[in-house]
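All remarks here apply to the structure that follows.
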Amino acid sequence: MTNHATEAPTGHAQPASRLPESRDPATGEVWQRYPVADEQAVRIAVARARAAQPDWAARPALMRAEVIRLFTQKLLARREEAACLVARENGKPVGEALGVDVGVTLGLADYFVGATPRFLRARWHRSSMLAAWRKRVTLVKEPYGVVGIISPWNYPMFLPLSSALPALLCGNAVVNKPSEWTPGVAELVKECLHDAGVPLDIYQVVHGAGATGAALCEEVDKVFFTGSEATGRKVAMACARRLIPCALELGGSDPALVLADANLAHAASGIAWARFSNAGQTCVAAKRVFVEASVHDEFLRLLIAAVGQLKVGPGTDDATDIGPMIRPEQRATIAAQHADAMARGAREVLRLETPPGDCYFPPTILTDVSADSRAMTDETFGPLLPVTKVRDVDEAIARANDTTLGLSASVWTGDVTRGIAVAQRLQAGSVLINDACTSAGISDVPHGGFKASGLGKVHGDLGLQECVRTKAIAVDWFQAWRQPWWFGYGPEHRAEIDAFLCAAHGSALLDRARALPKVLRLVFAPSRKV
Ligand code: NAD
C-alpha cells in the first residue's frame, strides 16, 4: 500500500482508542497513524468535492461506469494485499477477508456498473389519470451533489462501497469518513478508485472519530450511515436539523428459527458460520436461535460439534477460523453481556480456547438464557450465541419478533413453502430460508432493516434510488387547448366538471354515456372567459 498517511497531531482531544490508526487486534501492534480531519478540514474537503461534482455528473453514465469497471480490475489485481490488510486491521482470517470483503466488493461493483446506466435512463409514459390524458411524463434521476458516507470497521471495504459505488455512478461526489479502527483499508480503496480514474476531489477520505463524522453531517447533501443504533440516532438528528436525507444501516439482533422439519446438520453448519464468522461482529449475524422442542437436543448436539471443531487464532494464520475481536472495549461489552446472562441463570454448553491477547473472547454457546438477559435484549456483537428451546413455530415467531431491532432473520426448514409463510410473519428487512447472514452481501437483494435497525436500503434498484433525487417532468403537448380546470368558472363549467366526475369514476354505464357530451365540451370546447 502507498504510504500517504502521517502521524496524528499530538494533543488532540479524542481518546487514544479513537485516534485513527492501523492496529493488529491479535498482537496490539500499531503500524500506522493517520491525521485527524477537524471541522475546517472536512469543510475544505466537501467544498472541493462540490466544485468538482458538476463535471463528473456531466459525463455520460456509461463513461462513469467504465471508470468503476476499471476499479474492479485495480482491486482484483491487489486482492491479496487488500485481504491481508483487512485481516490485519480487522482480525478476521485472510481467506474470509478475500471471500467476503474483497469478493462482495467485486460483486457489488460488477452489479452497479451494469445496473446504473439502465436505472438512470429516462423513460416516458402517458399519465394514467383521465383528467391528465394530455400529459407525457418522465422521471429524471439527478445526483444529490456531495454525499457523506460514514462507515464502521467490521466490513471496512464493502460497507462504504455499497453506497459509494452507486453514488459515484449516479454522478455524486463522495466524502467517506471510515471507522477510526480501519483507516488503512479506506486508504487502499481510495487508491484503487483514483488509479481507475475517479478524480481526486470526487472521492475523498477524511479520517477521525465521531467529531469528524459529525462535522461531515453538517456539510454534505445526503448522509449514508452504517453503524450502531445509538450513533445512527445522532446522525439522524443532525440531518433532521439541516433537513437533509439520510440512509441508516444500523444494528441487528437477528433470529434464526430452526423448525422441526429442518435438515439439522445443514442448519447447525450454517448457523455456526452465521454467528461466529468475523468473530461474531456482523450486523446480520444469527444472534438468537430458537429451536422447536422436538429437535432442540439433536440440533444443539450438532451445533456444539460444528463449533467445537473451530480454531481461534490470529487472522493472519491460515488455520484460523475465528479471529480476535477488533478492540478490547468491544470484547468488554460482549463479556458483560455474557456475565449478565450467566447471572440470570444461563448455562454454558460450549466455550472454546483462545490464545492470549486482550481482544480474544472465547466463542461460547449458551442455553437457558432468560428473555430479559442483555444477550437477548441488546445486540450481541461478538462470538456469543444463545440457543432457546421453543414449544412450536408460533412461539418461535413471537420470540423472534420480541426485539426493538429488525435487520434480518433466517428460517431453517425442509418445506420452503412453509418457510416463506413464516418469513412473512417476521419483522425484518430480509429473511433467508436455509441460509443466514448472506443477504447483506448479495448485490441485487435490497438490504436494510425494519424498526430500530435503520431507514432506507442499500443494493439493488432500491439502493440506487437512495443515490438520486427524482424530478418529475410532465409535458402537455396540446397547447391549442387550455386545461378544463382553468378559470372560466360558472354554472355551465360546474355542470361540465360534474359530468366529467361521473364519466370518469361512475360505475353505471348508462350514466357515464349520458355524461359524455358535456365531457367532450369540457375537454375540447370549454366555455372559457379567461
Ligand atoms: P459506531 O456507531 O460506533 O460507529 C460507526 C461510524 O460512526 C464510525 O465511523 C464512527 O467514527 C462514526 N461516528 C461516531 N460518532 C459519530 C457522530 N456523532 N456523528 C457521526 N459519525 C459518528 O459503530 P461501529 O462500532 O463502528 O459498528 C458496529 C455497529 O454497526 C453494529 O451495531 C452493527 O450492527 C452495525 N452495522 C450495521 C450494518 C448494516 O448494514 N445494518 C452493517 C455493519 C455494521
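To be explicit about the labels: the chains of the C-alpha cells are called A, B, and onward in the order shown, and within each one the residues are counted from 1, while ligands get numbers from 1 in the order they are shown.
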Within 7 Å of ligand 1, which residues of chain A show up? Give each one with its shortest atom-to-atom distance in Å (one decimal) and the two atoms involved, counting only C-alpha atoms and all ligand atoms, rows by chain then rising residue number, as a Markdown table.
```
| residue | atom | partner | partner_atom_place_in_ligand_line | distance |
| --- | --- | --- | --- | --- |
| A:Ile150 | CA | ligand 1 | 9 (O) | 5.2 |
| A:Ser151 | CA | ligand 1 | 9 (O) | 4.6 |
| A:Pro152 | CA | ligand 1 | 26 (O) | 3.5 |
| A:Trp153 | CA | ligand 1 | 26 (O) | 5.2 |
| A:Asn154 | CA | ligand 1 | 43 (C) | 6.2 |
| A:Tyr155 | CA | ligand 1 | 43 (C) | 6.7 |
| A:Leu159 | CA | ligand 1 | 42 (C) | 6.6 |
| A:Lys177 | CA | ligand 1 | 9 (O) | 6.0 |
| A:Pro178 | CA | ligand 1 | 9 (O) | 4.9 |
| A:Ser179 | CA | ligand 1 | 9 (O) | 3.6 |
| A:Glu180 | CA | ligand 1 | 11 (O) | 5.8 |
| A:Gly208 | CA | ligand 1 | 11 (O) | 6.6 |
| A:Ala209 | CA | ligand 1 | 11 (O) | 3.8 |
| A:Gly210 | CA | ligand 1 | 15 (N) | 3.3 |
| A:Ala211 | CA | ligand 1 | 17 (C) | 6.1 |
| A:Thr212 | CA | ligand 1 | 21 (N) | 6.9 |
| A:Gly213 | CA | ligand 1 | 20 (C) | 3.6 |
| A:Ala214 | CA | ligand 1 | 19 (N) | 3.7 |
| A:Cys217 | CA | ligand 1 | 20 (C) | 6.8 |
| A:Thr226 | CA | ligand 1 | 37 (C) | 5.2 |
| A:Gly227 | CA | ligand 1 | 30 (O) | 3.0 |
| A:Ser228 | CA | ligand 1 | 32 (O) | 3.5 |
| A:Glu229 | CA | ligand 1 | 32 (O) | 6.1 |
| A:Ala230 | CA | ligand 1 | 2 (O) | 6.5 |
| A:Thr231 | CA | ligand 1 | 2 (O) | 4.5 |
| A:Gly232 | CA | ligand 1 | 2 (O) | 6.5 |
| A:Lys234 | CA | ligand 1 | 18 (N) | 5.7 |
| A:Val235 | CA | ligand 1 | 19 (N) | 5.4 |
| A:Glu249 | CA | ligand 1 | 41 (N) | 3.6 |
| A:Leu250 | CA | ligand 1 | 41 (N) | 4.0 |
| A:Gly251 | CA | ligand 1 | 34 (O) | 3.2 |
| A:Gly252 | CA | ligand 1 | 34 (O) | 5.3 |
| A:Thr282 | CA | ligand 1 | 43 (C) | 6.2 |
| A:Cys283 | CA | ligand 1 | 34 (O) | 3.6 |
| A:Glu379 | CA | ligand 1 | 32 (O) | 7.0 |
| A:Phe381 | CA | ligand 1 | 31 (C) | 6.7 |
| A:Leu407 | CA | ligand 1 | 41 (N) | 6.6 |
| A:Ala440 | CA | ligand 1 | 40 (O) | 6.6 |
| A:Gly448 | CA | ligand 1 | 41 (N) | 6.1 |
| A:Gly449 | CA | ligand 1 | 41 (N) | 6.6 |
| A:Ser453 | CA | ligand 1 | 41 (N) | 6.4 |
| A:Gly454 | CA | ligand 1 | 41 (N) | 6.8 |
```
Counting only C-alpha atoms, which residues of range 405-481 of chain A sit at most 7 Å from some atom of range 121-134 of chain A, and what is each one's closest atom pair with its distance in Å to one decimal, listed by chain and rising residue number, as a Markdown table?
```
| residue | atom | partner | partner_atom | distance |
| --- | --- | --- | --- | --- |
| A:Asp476 | CA | A:Arg134 | CA | 5.7 |
| A:Trp477 | CA | A:Arg134 | CA | 6.6 |
| A:Phe478 | CA | A:Arg134 | CA | 6.9 |
```
Could those selected residues go to a file with C-alpha atoms, as a CSV table (one decimal), in the first residue's frame?
```
chain,number,residue,atom,x,y,z
A,476,ASP,CA,-48.5,19.0,-22.2
A,477,TRP,CA,-48.4,18.5,-26.0
A,478,PHE,CA,-51.7,20.3,-26.7
```
Per-residue DSSP, range 68-145 of chain A, filtered to alpha helix (DSSP H), as a PyMOL selection string:
chain A and resi 68-77+79-90+94-96+103-120
Restricted to C-alpha atoms, what would the selected residues look like written as a compact mmCIF listing (two decimals), in the first residue's frame?
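Result saved to again_14.txt:
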```txt
# COMPACT_ATOMS: atom_id res chain seq x y z
CA ILE A 68 -15.83 1.88 -11.96
CA ARG A 69 -15.31 -1.18 -14.17
CA LEU A 70 -11.61 -0.30 -14.16
CA PHE A 71 -11.78 -0.01 -10.36
CA THR A 72 -12.75 -3.69 -10.17
CA GLN A 73 -9.64 -4.54 -12.20
CA LYS A 74 -7.42 -2.46 -9.91
CA LEU A 75 -8.89 -4.10 -6.82
CA LEU A 76 -8.71 -7.57 -8.36
CA ALA A 77 -5.02 -7.00 -9.08
CA ARG A 79 -6.84 -8.61 -3.90
CA GLU A 80 -4.20 -10.46 -1.91
CA GLU A 81 -2.80 -7.24 -0.42
CA ALA A 82 -6.35 -6.00 0.26
CA ALA A 83 -7.39 -9.23 2.01
CA CYS A 84 -4.22 -9.27 4.13
CA LEU A 85 -4.78 -5.65 5.14
CA VAL A 86 -8.43 -6.27 6.10
CA ALA A 87 -7.34 -9.32 8.10
CA ARG A 88 -4.53 -7.43 9.83
CA GLU A 89 -6.58 -4.34 10.78
CA ASN A 90 -9.80 -6.18 11.50
CA VAL A 94 -7.31 -13.76 5.42
CA GLY A 95 -9.38 -16.33 3.48
CA GLU A 96 -12.58 -14.87 4.94
CA GLY A 103 -15.46 -10.88 -3.09
CA VAL A 104 -18.59 -8.95 -2.12
CA THR A 105 -16.97 -5.65 -3.17
CA LEU A 106 -16.17 -7.01 -6.65
CA GLY A 107 -19.70 -8.45 -6.95
CA LEU A 108 -21.25 -5.12 -5.98
CA ALA A 109 -19.06 -3.20 -8.41
CA ASP A 110 -19.94 -5.52 -11.33
CA TYR A 111 -23.63 -5.29 -10.49
CA PHE A 112 -23.75 -1.48 -10.22
CA VAL A 113 -21.63 -0.99 -13.37
CA GLY A 114 -24.29 -2.94 -15.30
CA ALA A 115 -27.37 -1.71 -13.48
CA THR A 116 -26.77 2.02 -13.06
CA PRO A 117 -26.83 3.26 -16.68
CA ARG A 118 -30.10 1.32 -17.17
CA PHE A 119 -31.50 2.74 -13.93
CA LEU A 120 -30.63 6.34 -14.90
```
Residue contacts of Arg425 in chain A (12 Å, only C-alpha atoms) excluding same-chain residues fewer than 3 positions away, as a PyMOL selection string:
chain A and resi 393-401+409-411+418-422+428-431
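Across the structure, CA of Gly280 in chain A and CA of Pro383 in chain A are spaced 4.4 Å apart.
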What's around Thr333 in chain A at 12 Å? Count only C-alpha atoms, leave out sequence neighbours fewer than 2 positions away in its own chain, and write the answer as a list in words.
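The residues satisfying every condition are Gln281, Met325, Ile326, Arg327, Pro328, Glu329, Gln330, Arg331, Ala335, Ala336, Gln337, His338, Ala339, Asp340, Cys359, Phe361, Arg374, Ala375, Asp378, Glu379, Thr380, Phe381, Gly382, Pro383 and Leu384 of chain A.
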Keeping C-alpha atoms for every residue in the selection just given, could you write it to a file as a compact mmCIF listing (two decimals), in the first residue's frame?
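Output below, filename result.txt:
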```
# COMPACT_ATOMS: atom_id res chain seq x y z
CA GLN A 281 -19.05 -8.94 14.59
CA MET A 325 -12.41 -9.10 18.23
CA ILE A 326 -11.35 -5.69 16.99
CA ARG A 327 -10.63 -3.83 20.24
CA PRO A 328 -10.58 -4.55 23.99
CA GLU A 329 -13.67 -2.33 24.50
CA GLN A 330 -15.73 -4.48 22.10
CA ARG A 331 -14.55 -7.56 24.00
CA ALA A 335 -18.03 -10.18 28.26
CA ALA A 336 -20.52 -8.03 30.20
CA GLN A 337 -23.44 -9.47 28.19
CA HIS A 338 -22.15 -12.99 28.88
CA ALA A 339 -21.78 -12.28 32.62
CA ASP A 340 -25.29 -10.81 32.74
CA CYS A 359 -9.10 -8.83 22.05
CA PHE A 361 -13.34 -13.57 23.62
CA ARG A 374 -28.80 -8.41 27.73
CA ALA A 375 -27.72 -11.25 25.41
CA ASP A 378 -29.34 -5.99 23.17
CA GLU A 379 -27.35 -6.55 20.01
CA THR A 380 -24.54 -9.03 20.79
CA PHE A 381 -21.61 -8.02 18.61
CA GLY A 382 -19.20 -10.85 19.33
CA PRO A 383 -18.88 -14.67 19.44
CA LEU A 384 -21.69 -15.43 21.92
```
Using only C-alpha atoms, which residues sit within 7 Å of Leu169 in chain A once same-chain residues fewer than 5 positions away are excluded, as JSON, numbers by chain?
{"A": [61, 64, 65, 116]}
At a cut-off of 7 Å, using only C-alpha atoms, what residues contact Leu139 in chain A? Leave out same-chain residues fewer than 6 positions from it and give the result as a compact mmCIF listing (two decimals) with C-alpha atoms, in the first residue's frame.
```
# COMPACT_ATOMS: atom_id res chain seq x y z
CA ALA A 122 -35.28 8.35 -18.59
CA THR A 470 -36.13 12.22 -8.65
CA LYS A 471 -37.52 15.05 -10.70
CA ALA A 472 -40.84 14.54 -12.48
CA ILE A 473 -41.21 16.34 -15.80
```
Residue among A:Val458, A:Val206, A:Ile334, A:Met63 lying closest to Arg43 in chain A, counting only C-alpha atoms
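Smallest separation from Arg43 in chain A among the options: A:Val206.
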Please extract the residues of range 26-179 of chain A with a backbone DSSP assignment of strand (DSSP E) and present them as a ChimeraX atom specification.
/A:30-33,124-126,135-143,146-150,173-177
Go ahead and dump the residues you just picked, C-alpha atoms, as a short mmCIF file (atom, residue, chain, number, x, y, z; two decimals), in the first residue's frame.
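Saved as part-v9.cif:
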```
data_model
loop_
_atom_site.label_atom_id
_atom_site.label_comp_id
_atom_site.auth_asym_id
_atom_site.auth_seq_id
_atom_site.Cartn_x
_atom_site.Cartn_y
_atom_site.Cartn_z
CA VAL A 30 0.21 -0.27 15.75
CA TRP A 31 1.93 0.25 12.41
CA GLN A 32 0.42 3.49 11.19
CA ARG A 33 -1.39 6.59 12.46
CA TRP A 124 -41.61 8.43 -20.89
CA HIS A 125 -45.12 7.31 -20.10
CA ARG A 126 -48.60 8.76 -20.58
CA LYS A 135 -49.58 14.66 -20.22
CA ARG A 136 -46.47 12.69 -21.11
CA VAL A 137 -44.36 12.15 -18.00
CA THR A 138 -40.76 11.24 -17.29
CA LEU A 139 -38.73 10.87 -14.12
CA VAL A 140 -35.24 12.34 -14.24
CA LYS A 141 -32.83 10.96 -11.65
CA GLU A 142 -30.33 13.58 -10.55
CA PRO A 143 -27.39 13.20 -8.17
CA VAL A 146 -21.88 15.64 -2.38
CA VAL A 147 -22.78 12.63 -0.27
CA GLY A 148 -21.11 11.76 3.03
CA ILE A 149 -20.53 8.10 3.85
CA ILE A 150 -19.84 7.25 7.48
CA ALA A 173 -19.08 13.22 -5.30
CA VAL A 174 -18.31 11.16 -2.19
CA VAL A 175 -16.54 12.02 1.05
CA ASN A 176 -16.01 8.92 3.20
CA LYS A 177 -15.39 9.03 6.95
#
```
For Leu193 in chain A, which residue out of A:Val220, A:Val67, A:Val100, A:Val312 is the nearest one, using only C-alpha atoms?
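Checking each candidate against Leu193 in chain A, we get A:Val67 as the closest.
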Show me, as an mmCIF file with N, CA, C and O atoms, in the first residue's frame, the residues that have an atom within 12 Å of Pro199 in chain A when counting only C-alpha atoms, minus same-chain residues fewer than 2 positions from it.
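As written to disk, part_5.cif reads:
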```
data_model
loop_
_atom_site.group_PDB
_atom_site.id
_atom_site.type_symbol
_atom_site.label_atom_id
_atom_site.label_comp_id
_atom_site.auth_asym_id
_atom_site.auth_seq_id
_atom_site.Cartn_x
_atom_site.Cartn_y
_atom_site.Cartn_z
ATOM 1 N N ARG A 48 -14.217 21.189 -2.014
ATOM 2 C CA ARG A 48 -13.518 20.693 -3.215
ATOM 3 C C ARG A 48 -14.398 19.708 -3.977
ATOM 4 O O ARG A 48 -14.483 19.738 -5.208
ATOM 5 N N ALA A 49 -15.064 18.857 -3.234
ATOM 6 C CA ALA A 49 -15.960 17.877 -3.871
ATOM 7 C C ALA A 49 -17.099 18.598 -4.601
ATOM 8 O O ALA A 49 -17.454 18.255 -5.731
ATOM 9 N N ALA A 51 -17.107 21.572 -5.862
ATOM 10 C CA ALA A 51 -16.632 22.267 -7.073
ATOM 11 C C ALA A 51 -16.420 21.279 -8.223
ATOM 12 O O ALA A 51 -16.648 21.609 -9.390
ATOM 13 N N ALA A 52 -15.990 20.071 -7.892
ATOM 14 C CA ALA A 52 -15.665 19.096 -8.945
ATOM 15 C C ALA A 52 -16.891 18.325 -9.442
ATOM 16 O O ALA A 52 -16.885 17.784 -10.558
ATOM 17 N N GLN A 53 -17.935 18.270 -8.631
ATOM 18 C CA GLN A 53 -19.050 17.348 -8.916
ATOM 19 C C GLN A 53 -19.799 17.617 -10.235
ATOM 20 O O GLN A 53 -20.141 16.664 -10.953
ATOM 21 N N ASP A 55 -18.839 18.528 -13.168
ATOM 22 C CA ASP A 55 -18.151 17.920 -14.319
ATOM 23 C C ASP A 55 -18.304 16.402 -14.327
ATOM 24 O O ASP A 55 -18.488 15.782 -15.374
ATOM 25 N N TRP A 56 -18.207 15.831 -13.149
ATOM 26 C CA TRP A 56 -18.357 14.374 -13.028
ATOM 27 C C TRP A 56 -19.781 13.967 -13.418
ATOM 28 O O TRP A 56 -19.993 13.013 -14.172
ATOM 29 N N ALA A 57 -20.763 14.738 -12.928
ATOM 30 C CA ALA A 57 -22.166 14.415 -13.234
ATOM 31 C C ALA A 57 -22.469 14.615 -14.717
ATOM 32 O O ALA A 57 -23.360 13.960 -15.268
ATOM 33 N N ARG A 64 -18.854 6.965 -16.705
ATOM 34 C CA ARG A 64 -18.609 6.754 -15.271
ATOM 35 C C ARG A 64 -18.557 5.253 -14.979
ATOM 36 O O ARG A 64 -17.734 4.787 -14.185
ATOM 37 N N VAL A 67 -15.202 3.790 -15.666
ATOM 38 C CA VAL A 67 -14.218 4.085 -14.611
ATOM 39 C C VAL A 67 -14.378 3.076 -13.456
ATOM 40 O O VAL A 67 -13.395 2.527 -12.948
ATOM 41 N N ILE A 68 -15.611 2.814 -13.084
ATOM 42 C CA ILE A 68 -15.826 1.879 -11.955
ATOM 43 C C ILE A 68 -15.488 0.444 -12.392
ATOM 44 O O ILE A 68 -14.994 -0.361 -11.592
ATOM 45 N N LEU A 168 -21.325 7.250 -6.799
ATOM 46 C CA LEU A 168 -20.410 7.766 -7.838
ATOM 47 C C LEU A 168 -21.005 7.528 -9.220
ATOM 48 O O LEU A 168 -21.002 8.418 -10.086
ATOM 49 N N GLY A 171 -23.375 9.999 -10.345
ATOM 50 C CA GLY A 171 -22.881 11.359 -10.592
ATOM 51 C C GLY A 171 -22.628 12.191 -9.353
ATOM 52 O O GLY A 171 -22.398 13.398 -9.455
ATOM 53 N N ASN A 172 -22.672 11.557 -8.186
ATOM 54 C CA ASN A 172 -22.363 12.287 -6.946
ATOM 55 C C ASN A 172 -20.854 12.317 -6.704
ATOM 56 O O ASN A 172 -20.116 11.452 -7.177
ATOM 57 N N ALA A 173 -20.407 13.286 -5.901
ATOM 58 C CA ALA A 173 -19.076 13.220 -5.302
ATOM 59 C C ALA A 173 -19.254 12.591 -3.923
ATOM 60 O O ALA A 173 -20.322 12.719 -3.312
ATOM 61 N N VAL A 174 -18.214 11.900 -3.461
ATOM 62 C CA VAL A 174 -18.311 11.164 -2.195
ATOM 63 C C VAL A 174 -17.188 11.584 -1.255
ATOM 64 O O VAL A 174 -16.032 11.667 -1.670
ATOM 65 N N LYS A 190 -9.417 3.993 -1.641
ATOM 66 C CA LYS A 190 -9.295 5.305 -2.296
ATOM 67 C C LYS A 190 -8.253 5.241 -3.414
ATOM 68 O O LYS A 190 -8.489 5.748 -4.516
ATOM 69 N N GLU A 191 -7.139 4.583 -3.136
ATOM 70 C CA GLU A 191 -6.094 4.479 -4.169
ATOM 71 C C GLU A 191 -6.608 3.736 -5.402
ATOM 72 O O GLU A 191 -6.360 4.144 -6.534
ATOM 73 N N CYS A 192 -7.331 2.638 -5.173
ATOM 74 C CA CYS A 192 -7.853 1.859 -6.318
ATOM 75 C C CYS A 192 -8.829 2.716 -7.132
ATOM 76 O O CYS A 192 -8.817 2.670 -8.372
ATOM 77 N N LEU A 193 -9.672 3.494 -6.458
ATOM 78 C CA LEU A 193 -10.634 4.339 -7.182
ATOM 79 C C LEU A 193 -9.896 5.417 -7.979
ATOM 80 O O LEU A 193 -10.207 5.662 -9.159
ATOM 81 N N HIS A 194 -8.915 6.054 -7.351
ATOM 82 C CA HIS A 194 -8.171 7.110 -8.055
ATOM 83 C C HIS A 194 -7.359 6.522 -9.212
ATOM 84 O O HIS A 194 -7.319 7.096 -10.307
ATOM 85 N N ASP A 195 -6.740 5.363 -8.976
ATOM 86 C CA ASP A 195 -5.970 4.726 -10.063
ATOM 87 C C ASP A 195 -6.873 4.381 -11.245
ATOM 88 O O ASP A 195 -6.434 4.355 -12.395
ATOM 89 N N ALA A 196 -8.141 4.094 -10.953
ATOM 90 C CA ALA A 196 -9.077 3.734 -12.035
ATOM 91 C C ALA A 196 -9.559 4.963 -12.803
ATOM 92 O O ALA A 196 -10.160 4.835 -13.866
ATOM 93 N N GLY A 197 -9.339 6.155 -12.242
ATOM 94 C CA GLY A 197 -9.751 7.365 -12.969
ATOM 95 C C GLY A 197 -10.818 8.189 -12.279
ATOM 96 O O GLY A 197 -11.292 9.180 -12.839
ATOM 97 N N ASP A 201 -10.863 14.794 -6.274
ATOM 98 C CA ASP A 201 -11.838 15.512 -5.440
ATOM 99 C C ASP A 201 -13.207 14.836 -5.429
ATOM 100 O O ASP A 201 -14.073 15.190 -4.630
ATOM 101 N N ILE A 202 -13.410 13.911 -6.349
ATOM 102 C CA ILE A 202 -14.723 13.241 -6.425
ATOM 103 C C ILE A 202 -14.826 12.106 -5.407
ATOM 104 O O ILE A 202 -15.907 11.742 -4.969
ATOM 105 N N TYR A 203 -13.701 11.533 -5.013
ATOM 106 C CA TYR A 203 -13.736 10.545 -3.928
ATOM 107 C C TYR A 203 -12.641 10.904 -2.933
ATOM 108 O O TYR A 203 -11.447 10.835 -3.248
ATOM 109 N N GLN A 204 -13.050 11.321 -1.749
ATOM 110 C CA GLN A 204 -12.081 11.703 -0.723
ATOM 111 C C GLN A 204 -12.369 10.930 0.565
ATOM 112 O O GLN A 204 -13.488 10.478 0.793
#
```
Can you measure CA of Asp317 in chain A to CA of Pro93 in chain A for me? One decimal in Å is fine.
7.0 Å
